[in-house]
Structures are given as C-alpha cells and as structure tokens.
$ cat coords.pdb   # PDB, C-alpha atoms
MODEL        1
ATOM      1  CA  MET A 222       0.000   0.000   0.000
ATOM      2  CA  ALA A 223       3.026   2.336   0.051
ATOM      3  CA  VAL A 224       2.367   3.675  -3.453
ATOM      4  CA  TRP A 225      -1.317   4.136  -2.724
ATOM      5  CA  SER A 226      -0.505   5.943   0.515
ATOM      6  CA  LEU A 227       1.649   8.367  -1.468
ATOM      7  CA  LEU A 228      -1.150   8.889  -3.986
ATOM      8  CA  ASP A 229      -3.597   9.445  -1.146
ATOM      9  CA  GLY A 230      -1.344  12.163   0.270
ATOM     10  CA  PHE A 231      -0.996  13.627  -3.204
ATOM     11  CA  GLY A 232      -4.790  13.753  -3.560
ATOM     12  CA  ILE A 233      -5.132  15.481  -0.188
ATOM     13  CA  PHE A 234      -2.577  18.102  -1.228
ATOM     14  CA  VAL A 235      -4.212  18.786  -4.603
ATOM     15  CA  PHE A 236      -7.689  19.075  -3.111
ATOM     16  CA  ALA A 237      -6.292  21.430  -0.461
ATOM     17  CA  LEU A 238      -4.825  23.592  -3.235
ATOM     18  CA  SER A 239      -8.269  23.799  -4.826
ATOM     19  CA  GLY A 240      -9.661  25.072  -1.539
ATOM     20  CA  GLY A 241      -6.842  27.575  -1.234
ATOM     21  CA  LEU A 242      -7.579  28.905  -4.720
ATOM     22  CA  ALA A 243     -11.239  29.310  -3.777
ATOM     23  CA  ALA A 244     -10.121  31.343  -0.747
ATOM     24  CA  ALA A 245      -7.831  33.456  -2.936
ATOM     25  CA  ARG A 246     -10.671  34.281  -5.325
ATOM     26  CA  ARG A 247     -12.634  35.603  -2.351
ATOM     27  CA  GLN A 248      -9.635  37.408  -0.808
ATOM     28  CA  LEU A 249     -10.032  35.706   2.567
ATOM     29  CA  ASP A 250      -7.691  35.972   5.520
ATOM     30  CA  PRO A 251      -5.178  33.211   6.436
ATOM     31  CA  PHE A 252      -7.722  31.391   8.597
ATOM     32  CA  GLY A 253     -10.144  31.370   5.673
ATOM     33  CA  PHE A 254      -7.437  29.794   3.516
ATOM     34  CA  LEU A 255      -6.926  27.063   6.107
ATOM     35  CA  VAL A 256     -10.639  26.332   6.383
ATOM     36  CA  LEU A 257     -11.222  26.165   2.636
ATOM     37  CA  ALA A 258      -8.105  24.048   2.132
ATOM     38  CA  PHE A 259      -9.148  21.686   4.922
ATOM     39  CA  LEU A 260     -12.698  21.024   3.692
ATOM     40  CA  PRO A 261     -12.036  19.459   0.260
ATOM     41  CA  ALA A 262      -8.838  17.729   1.398
ATOM     42  CA  VAL A 263     -10.196  15.776   4.340
ATOM     43  CA  GLY A 264     -13.934  16.431   4.518
ATOM     44  CA  GLY A 265     -15.048  13.324   2.649
ATOM     45  CA  GLY A 266     -12.680  10.991   4.460
ATOM     46  CA  THR A 267     -13.648  12.462   7.822
ATOM     47  CA  LEU A 268     -17.364  11.879   7.226
ATOM     48  CA  ARG A 269     -16.629   8.370   5.963
ATOM     49  CA  ASP A 270     -14.666   7.422   9.073
ATOM     50  CA  LEU A 271     -17.276   8.900  11.399
ATOM     51  CA  ILE A 272     -20.043   6.910   9.708
ATOM     52  CA  LEU A 273     -17.957   3.727   9.825
ATOM     53  CA  ASP A 274     -17.213   4.406  13.526
ATOM     54  CA  ARG A 275     -13.468   4.325  12.908
ATOM     55  CA  THR A 276     -10.724   6.619  14.135
ATOM     56  CA  VAL A 277     -10.690   9.588  11.778
ATOM     57  CA  PHE A 278      -7.702   9.138   9.489
ATOM     58  CA  TRP A 279      -6.056  12.503  10.216
ATOM     59  CA  ILE A 280      -6.251  11.866  13.953
ATOM     60  CA  GLU A 281      -4.617   8.486  13.432
ATOM     61  CA  ASN A 282      -1.914  10.116  11.308
ATOM     62  CA  PRO A 283      -1.637  13.949  11.355
ATOM     63  CA  LEU A 284       0.363  14.124   8.088
ATOM     64  CA  PRO A 285      -2.765  15.154   6.102
ATOM     65  CA  LEU A 286      -3.104  18.222   8.321
ATOM     66  CA  LEU A 287       0.485  19.206   7.528
ATOM     67  CA  LEU A 288      -0.255  18.851   3.805
ATOM     68  CA  VAL A 289      -3.309  21.084   4.201
ATOM     69  CA  VAL A 290      -1.260  23.756   6.003
ATOM     70  CA  ILE A 291       1.424  23.667   3.284
ATOM     71  CA  ALA A 292      -1.168  23.956   0.498
ATOM     72  CA  ALA A 293      -2.994  26.800   2.257
ATOM     73  CA  THR A 294       0.292  28.652   2.808
ATOM     74  CA  LEU A 295       1.348  28.246  -0.822
ATOM     75  CA  THR A 296      -1.935  29.554  -2.161
ATOM     76  CA  PHE A 297      -1.984  32.444   0.339
ATOM     77  CA  PHE A 298       1.430  33.725  -0.722
ATOM     78  CA  PHE A 299       1.509  32.528  -4.337
ATOM     79  CA  SER A 300      -2.132  32.401  -5.408
ATOM     80  CA  ALA A 301      -1.521  34.052  -8.802
ATOM     81  CA  PRO A 302       1.133  31.543 -10.002
ATOM     82  CA  VAL A 303      -0.962  28.638  -8.700
ATOM     83  CA  ALA A 304      -4.102  29.960 -10.404
ATOM     84  CA  ARG A 305      -2.242  30.108 -13.733
ATOM     85  CA  ARG A 306      -1.805  26.349 -13.388
ATOM     86  CA  GLU A 307      -5.518  25.782 -12.789
ATOM     87  CA  ARG A 308      -5.890  23.586 -15.887
ATOM     88  CA  LEU A 309      -3.055  21.389 -14.625
ATOM     89  CA  LEU A 310      -4.699  21.337 -11.203
ATOM     90  CA  ARG A 311      -7.916  20.037 -12.770
ATOM     91  CA  TRP A 312      -5.958  17.067 -14.110
ATOM     92  CA  LEU A 313      -4.266  16.517 -10.782
ATOM     93  CA  ASP A 314      -7.681  16.824  -9.144
ATOM     94  CA  ALA A 315      -8.937  14.093 -11.482
ATOM     95  CA  LEU A 316      -6.162  11.827 -10.268
ATOM     96  CA  GLY A 317      -6.943  12.655  -6.640
ATOM     97  CA  LEU A 318     -10.641  11.967  -7.223
ATOM     98  CA  SER A 319      -9.823   8.564  -8.711
ATOM     99  CA  VAL A 320      -7.549   7.571  -5.845
ATOM    100  CA  PHE A 321      -9.978   8.769  -3.168
ATOM    101  CA  ALA A 322     -12.866   6.854  -4.760
ATOM    102  CA  VAL A 323     -11.133   3.474  -4.654
ATOM    103  CA  LEU A 324      -9.388   3.947  -1.307
ATOM    104  CA  GLY A 325     -12.675   5.028   0.242
ATOM    105  CA  ALA A 326     -14.417   1.994  -1.233
ATOM    106  CA  ARG A 327     -11.664  -0.247   0.100
ATOM    107  CA  ARG A 328     -12.002   1.154   3.604
ATOM    108  CA  GLY A 329     -15.776   0.726   3.444
ATOM    109  CA  LEU A 330     -15.475  -2.863   2.264
ATOM    110  CA  ILE A 331     -12.946  -3.760   4.943
ATOM    111  CA  ALA A 332     -15.083  -2.174   7.663
ATOM    112  CA  THR A 333     -18.455  -3.653   6.667
ATOM    113  CA  GLY A 334     -17.977  -6.340   4.027
ATOM    114  CA  ASP A 335     -20.978  -4.842   2.227
ATOM    115  CA  PRO A 336     -20.346  -3.886  -1.430
ATOM    116  CA  VAL A 337     -23.131  -1.286  -1.463
ATOM    117  CA  ILE A 338     -21.738   0.452   1.609
ATOM    118  CA  ALA A 339     -18.273   0.280   0.058
ATOM    119  CA  LEU A 340     -19.582   1.995  -3.080
ATOM    120  CA  VAL A 341     -21.208   4.765  -1.049
ATOM    121  CA  MET A 342     -18.063   5.257   1.053
ATOM    122  CA  GLY A 343     -15.925   5.517  -2.079
ATOM    123  CA  VAL A 344     -18.082   8.193  -3.642
ATOM    124  CA  MET A 345     -18.402  10.029  -0.326
ATOM    125  CA  THR A 346     -14.632  10.099   0.172
ATOM    126  CA  ALA A 347     -14.103  11.496  -3.321
ATOM    127  CA  VAL A 348     -16.752  14.203  -3.559
ATOM    128  CA  VAL A 349     -18.093  15.329  -0.156
ATOM    129  CA  GLY A 350     -15.093  17.543   0.629
ATOM    130  CA  GLY A 351     -15.562  19.511  -2.577
ATOM    131  CA  LEU A 352     -19.275  19.748  -1.848
ATOM    132  CA  LEU A 353     -18.538  21.299   1.553
ATOM    133  CA  ARG A 354     -16.055  23.747   0.000
ATOM    134  CA  ASP A 355     -18.564  24.920  -2.599
ATOM    135  CA  VAL A 356     -21.399  25.250  -0.085
ATOM    136  CA  VAL A 357     -19.239  27.371   2.222
ATOM    137  CA  CYS A 358     -18.314  29.520  -0.807
ATOM    138  CA  SER A 359     -22.016  29.865  -1.769
ATOM    139  CA  GLU A 360     -21.390  28.186  -5.125
ATOM    140  CA  LEU A 361     -23.400  25.507  -6.889
ATOM    141  CA  PRO A 362     -21.468  22.343  -5.922
ATOM    142  CA  LEU A 363     -19.488  20.784  -8.739
ATOM    143  CA  ILE A 364     -21.155  17.410  -8.191
ATOM    144  CA  LEU A 365     -24.513  19.002  -9.078
ATOM    145  CA  HIS A 366     -23.257  20.293 -12.421
ATOM    146  CA  ARG A 367     -23.799  18.356 -15.624
ATOM    147  CA  GLU A 368     -20.031  17.873 -15.847
ATOM    148  CA  ILE A 369     -18.750  14.322 -15.357
ATOM    149  CA  TYR A 370     -17.338  14.346 -11.832
ATOM    150  CA  ALA A 371     -19.231  12.377  -9.206
ATOM    151  CA  THR A 372     -20.110   9.885 -11.941
ATOM    152  CA  ALA A 373     -16.420   9.126 -12.362
ATOM    153  CA  ALA A 374     -16.139   8.408  -8.630
ATOM    154  CA  VAL A 375     -19.167   6.098  -8.823
ATOM    155  CA  VAL A 376     -17.662   4.161 -11.726
ATOM    156  CA  GLY A 377     -14.248   3.853 -10.062
ATOM    157  CA  ALA A 378     -15.688   2.613  -6.779
ATOM    158  CA  LEU A 379     -18.017   0.224  -8.633
ATOM    159  CA  VAL A 380     -15.179  -1.269 -10.680
ATOM    160  CA  TYR A 381     -13.186  -1.783  -7.491
ATOM    161  CA  VAL A 382     -16.084  -3.504  -5.728
ATOM    162  CA  LEU A 383     -16.799  -5.735  -8.731
ATOM    163  CA  CYS A 384     -13.145  -6.735  -9.072
ATOM    164  CA  VAL A 385     -13.031  -7.776  -5.415
ATOM    165  CA  HIS A 386     -16.372  -9.568  -5.756
ATOM    166  CA  PHE A 387     -14.999 -11.669  -8.605
ATOM    167  CA  GLY A 388     -11.935 -12.708  -6.640
ATOM    168  CA  MET A 389      -9.262 -10.088  -7.321
ATOM    169  CA  ASP A 390      -6.980  -9.179  -4.436
ATOM    170  CA  GLY A 391      -8.184  -6.034  -2.665
ATOM    171  CA  GLU A 392      -4.996  -4.075  -3.250
ATOM    172  CA  LEU A 393      -4.693  -5.096  -6.900
ATOM    173  CA  ALA A 394      -8.319  -4.143  -7.482
ATOM    174  CA  LEU A 395      -7.468  -0.540  -6.604
ATOM    175  CA  LEU A 396      -5.673  -0.122  -9.934
ATOM    176  CA  PRO A 397      -8.508  -0.923 -12.395
ATOM    177  CA  GLY A 398     -10.940   1.054 -10.267
ATOM    178  CA  ALA A 399      -8.721   4.143 -10.217
ATOM    179  CA  ILE A 400      -8.005   3.847 -13.945
ATOM    180  CA  ALA A 401     -11.718   3.614 -14.759
ATOM    181  CA  ALA A 402     -12.507   6.707 -12.682
ATOM    182  CA  PHE A 403      -9.625   8.683 -14.155
ATOM    183  CA  LEU A 404     -10.455   7.798 -17.762
ATOM    184  CA  LEU A 405     -14.074   8.834 -17.362
ATOM    185  CA  ARG A 406     -13.119  12.112 -15.674
ATOM    186  CA  ALA A 407     -10.500  12.699 -18.376
ATOM    187  CA  ALA A 408     -13.120  12.179 -21.072
ATOM    188  CA  GLY A 409     -15.238  14.819 -19.390
ATOM    189  CA  LEU A 410     -12.325  17.258 -19.358
ATOM    190  CA  ILE A 411     -11.169  16.596 -22.932
ATOM    191  CA  LYS A 412     -14.432  15.996 -24.763
ATOM    192  CA  GLY A 413     -16.746  18.016 -22.584
ATOM    193  CA  TRP A 414     -18.891  15.000 -21.746
ATOM    194  CA  SER A 415     -21.697  15.743 -19.339
ATOM    195  CA  LEU A 416     -24.834  14.152 -17.992
ATOM    196  CA  PRO A 417     -28.070  14.874 -19.900
ATOM    197  CA  ARG A 418     -30.534  17.558 -18.908
ATOM    198  CA  PRO A 419     -34.161  16.639 -18.232
ATOM    199  CA  PRO A 420     -36.426  16.656 -21.327
ATOM    200  CA  GLY A 421     -37.527  20.159 -22.249
ATOM    201  CA  ALA A 422     -34.815  21.915 -20.220
ATOM    202  CA  ALA A 423     -33.328  25.058 -21.701
ATOM    203  CA  ALA A 424     -29.967  24.647 -23.434
TER     204      ALA A 424
ENDMDL
END
$ encode --input "coords.pdb" --output "structure tokens"
Amino acid sequence: MAVWSLLDGFGIFVFALSGGLAAARRQLDPFGFLVLAFLPAVGGGTLRDLILDRTVFWIENPLPLLLVVIAATLTFFFSAPVARRERLLRWLDALGLSVFAVLGARRGLIATGDPVIALVMGVMTAVVGGLLRDVVCSELPLILHREIYATAAVVGALVYVLCVHFGMDGELALLPGAIAAFLLRAAGLIKGWSLPRPPGAAA
C-alpha cells in the first residue's frame, strides 16, 4: 500500500490547493485559507470514518493536516502563479478523485464487508469535501453540475467492488478502479462529456 498511501497524500494536497484557490478568489484571511483548504482535502474521508465508527484518518496520522497547512500557505502567498496552473490542477484533481474513490471503497469494504456500503463510502470520500467547499463559498457544488465528476467516482468505486467480488486481491483491485474513474473524468475534461438535462430543459 506504500504507493497508494503516497497517492492518497498527493490527492489530499491537490484538493487542499483547490480550496486555497477558492479562498484566494474571495480574498479571505489566512484562517479562511486554512478552512477552505481543509474542507475538500479531508472532509469526505472524515465523514466516511465517522459513519464507519473508525478513528478519523487525520487523527490516526496527522500528516494530512500538515499537507493542508502547506497547500494553504502556498496559495496564500503565491495564489496568482498557482491559479495560472488551474488547468493542470484540474488534471491533478482528477487523479486525486480517482484515488480517493477506490481507497474510500476499500475502507468501506474492509469495515463492513458490504459492497453497497463500500460503493457509497468511495463516492463520499471522493466528492463530499468539494461539496462542503462549494457550499461554504455559496457556489453551486461541482457534483450538481452536468459535468462528469461524481459519476467518475461512482464508476471507479463500482469497478473496485466488482473486481473484489470476482476474486481479485483487494490491493490489486485498486488499480482498475482508479483507472476507470480517471479515464471517465479525463473524457469529461477533454471531450466536454456531461450528464443529460431533463427533457424540455433550456440549453
């Protein structure tokens, strides 16, 4: 799990940067940067662990909090250079989303043995933090847009659960799940894929 632990930390850092950029756009104070960096980075995993009645992961290992502080500090002092890399950050965010979806599903499956709960925990880990960030910023949450985002997390977690169900080792199953989530999110970014509107909705 060493590689996946590194990717998990990478995802936390990238999501924290996204929160820091949101704080920069609103010209918040340093505490505001910390709050908005914290929410997307660890919000989903925190809710997951609380629901599963497990020790919250950043209490068990405070490294994620350090990553959040570093990301918030970088965006506070260097928000303009970071913002110019926002397209790159969207790709890094896609990778973080993919990793969070399968690691969350894995933790849910280990804790409960229930594939449905594992699927929910995977999606929750990947998207709830961003939802909290957007709500605090009074923005329409990204997961409610037509853009392919939460759907990618659903697919990644589902592929992971199915791979385990059909006998694949739990750690090996992380790879196809993460790849599936990333490819779908990438298709949304490159081709502009989105979910359909209801019949009769305005274009």
$ atom_distance --input "coords.pdb" --atom1 "atom CA of Ile369 of chain A" --atom2 "atom CA of Gly334 of chain A"
28.3 Å
$ resolve_selection --input "coords.pdb" --expression "the PyMOL selection byres ((chain A and resi 377) around 7)" --output "JSON, numbers by chain"
{"A": [319, 322, 323, 373, 374, 375, 376, 378, 379, 380, 381, 398, 399, 401, 402]}
$ residues_near_point --input "coords.pdb" --point "(-6.4, 28.2, 0.3)" --cutoff "12 Å" --atoms "all atoms listed in the file" --output "number ranges by chain"
A: 234-262, 288-301, 303-304, 354
$ closest_residue --input "coords.pdb" --among "A:Val263, A:Leu284, A:Val382, A:Val224" --to "Val337 of chain A" --atoms "only C-alpha atoms"
A:Val382
$ resolve_selection --input "coords.pdb" --expression "the PyMOL selection byres ((chain A and resi 312-318) around 8)" --output "ChimeraX atom specification"
/A:228-229,231-233,235-236,308-311,319-322,347-348,374,402-403,406-407
$ axis_aligned_box --input "coords.pdb" --around "segment 252-258 of chain A" --padding-each-side "5 Å" --output "AutoDock Vina command-line options"
--center_x -9.1 --center_y 27.7 --center_z 5.4 --size_x 14.3 --size_y 17.3 --size_z 16.5
$ atom_distance --input "coords.pdb" --atom1 "atom CA of Asp335 of chain A" --atom2 "atom CA of Trp225 of chain A"
22.2 Å
$ closest_residue --input "coords.pdb" --among "A:Thr333, A:Thr267, A:Ser226, A:Thr372" --to "Glu392 of chain A" --atoms "only C-alpha atoms"
A:Ser226
$ atom_distance --input "coords.pdb" --atom1 "atom CA of Val356 of chain A" --atom2 "atom CA of Arg306 of chain A"
23.7 Å
$ closest_residue --input "coords.pdb" --among "A:Thr276, A:Leu404, A:Ala223, A:Pro285" --to "Ala332 of chain A" --atoms "only C-alpha atoms"
A:Thr276
$ resolve_selection --input "coords.pdb" --expression "the PyMOL selection byres ((chain A and resi 269-275) around 7)" --output "list in words"
Gly265, Gly266, Thr267, Leu268, Thr276, Val277, Ala332, Met342, Met345 and Thr346 of chain A
$ write_last_selection --input "coords.pdb" --atoms "C-alpha atoms" --output "tab-separated table (two decimals), keeping the file's coordinate frame"
chain	number	residue	atom	x	y	z
A	265	GLY	CA	-15.05	13.32	2.65
A	266	GLY	CA	-12.68	10.99	4.46
A	267	THR	CA	-13.65	12.46	7.82
A	268	LEU	CA	-17.36	11.88	7.23
A	276	THR	CA	-10.72	6.62	14.14
A	277	VAL	CA	-10.69	9.59	11.78
A	332	ALA	CA	-15.08	-2.17	7.66
A	342	MET	CA	-18.06	5.26	1.05
A	345	MET	CA	-18.40	10.03	-0.33
A	346	THR	CA	-14.63	10.10	0.17
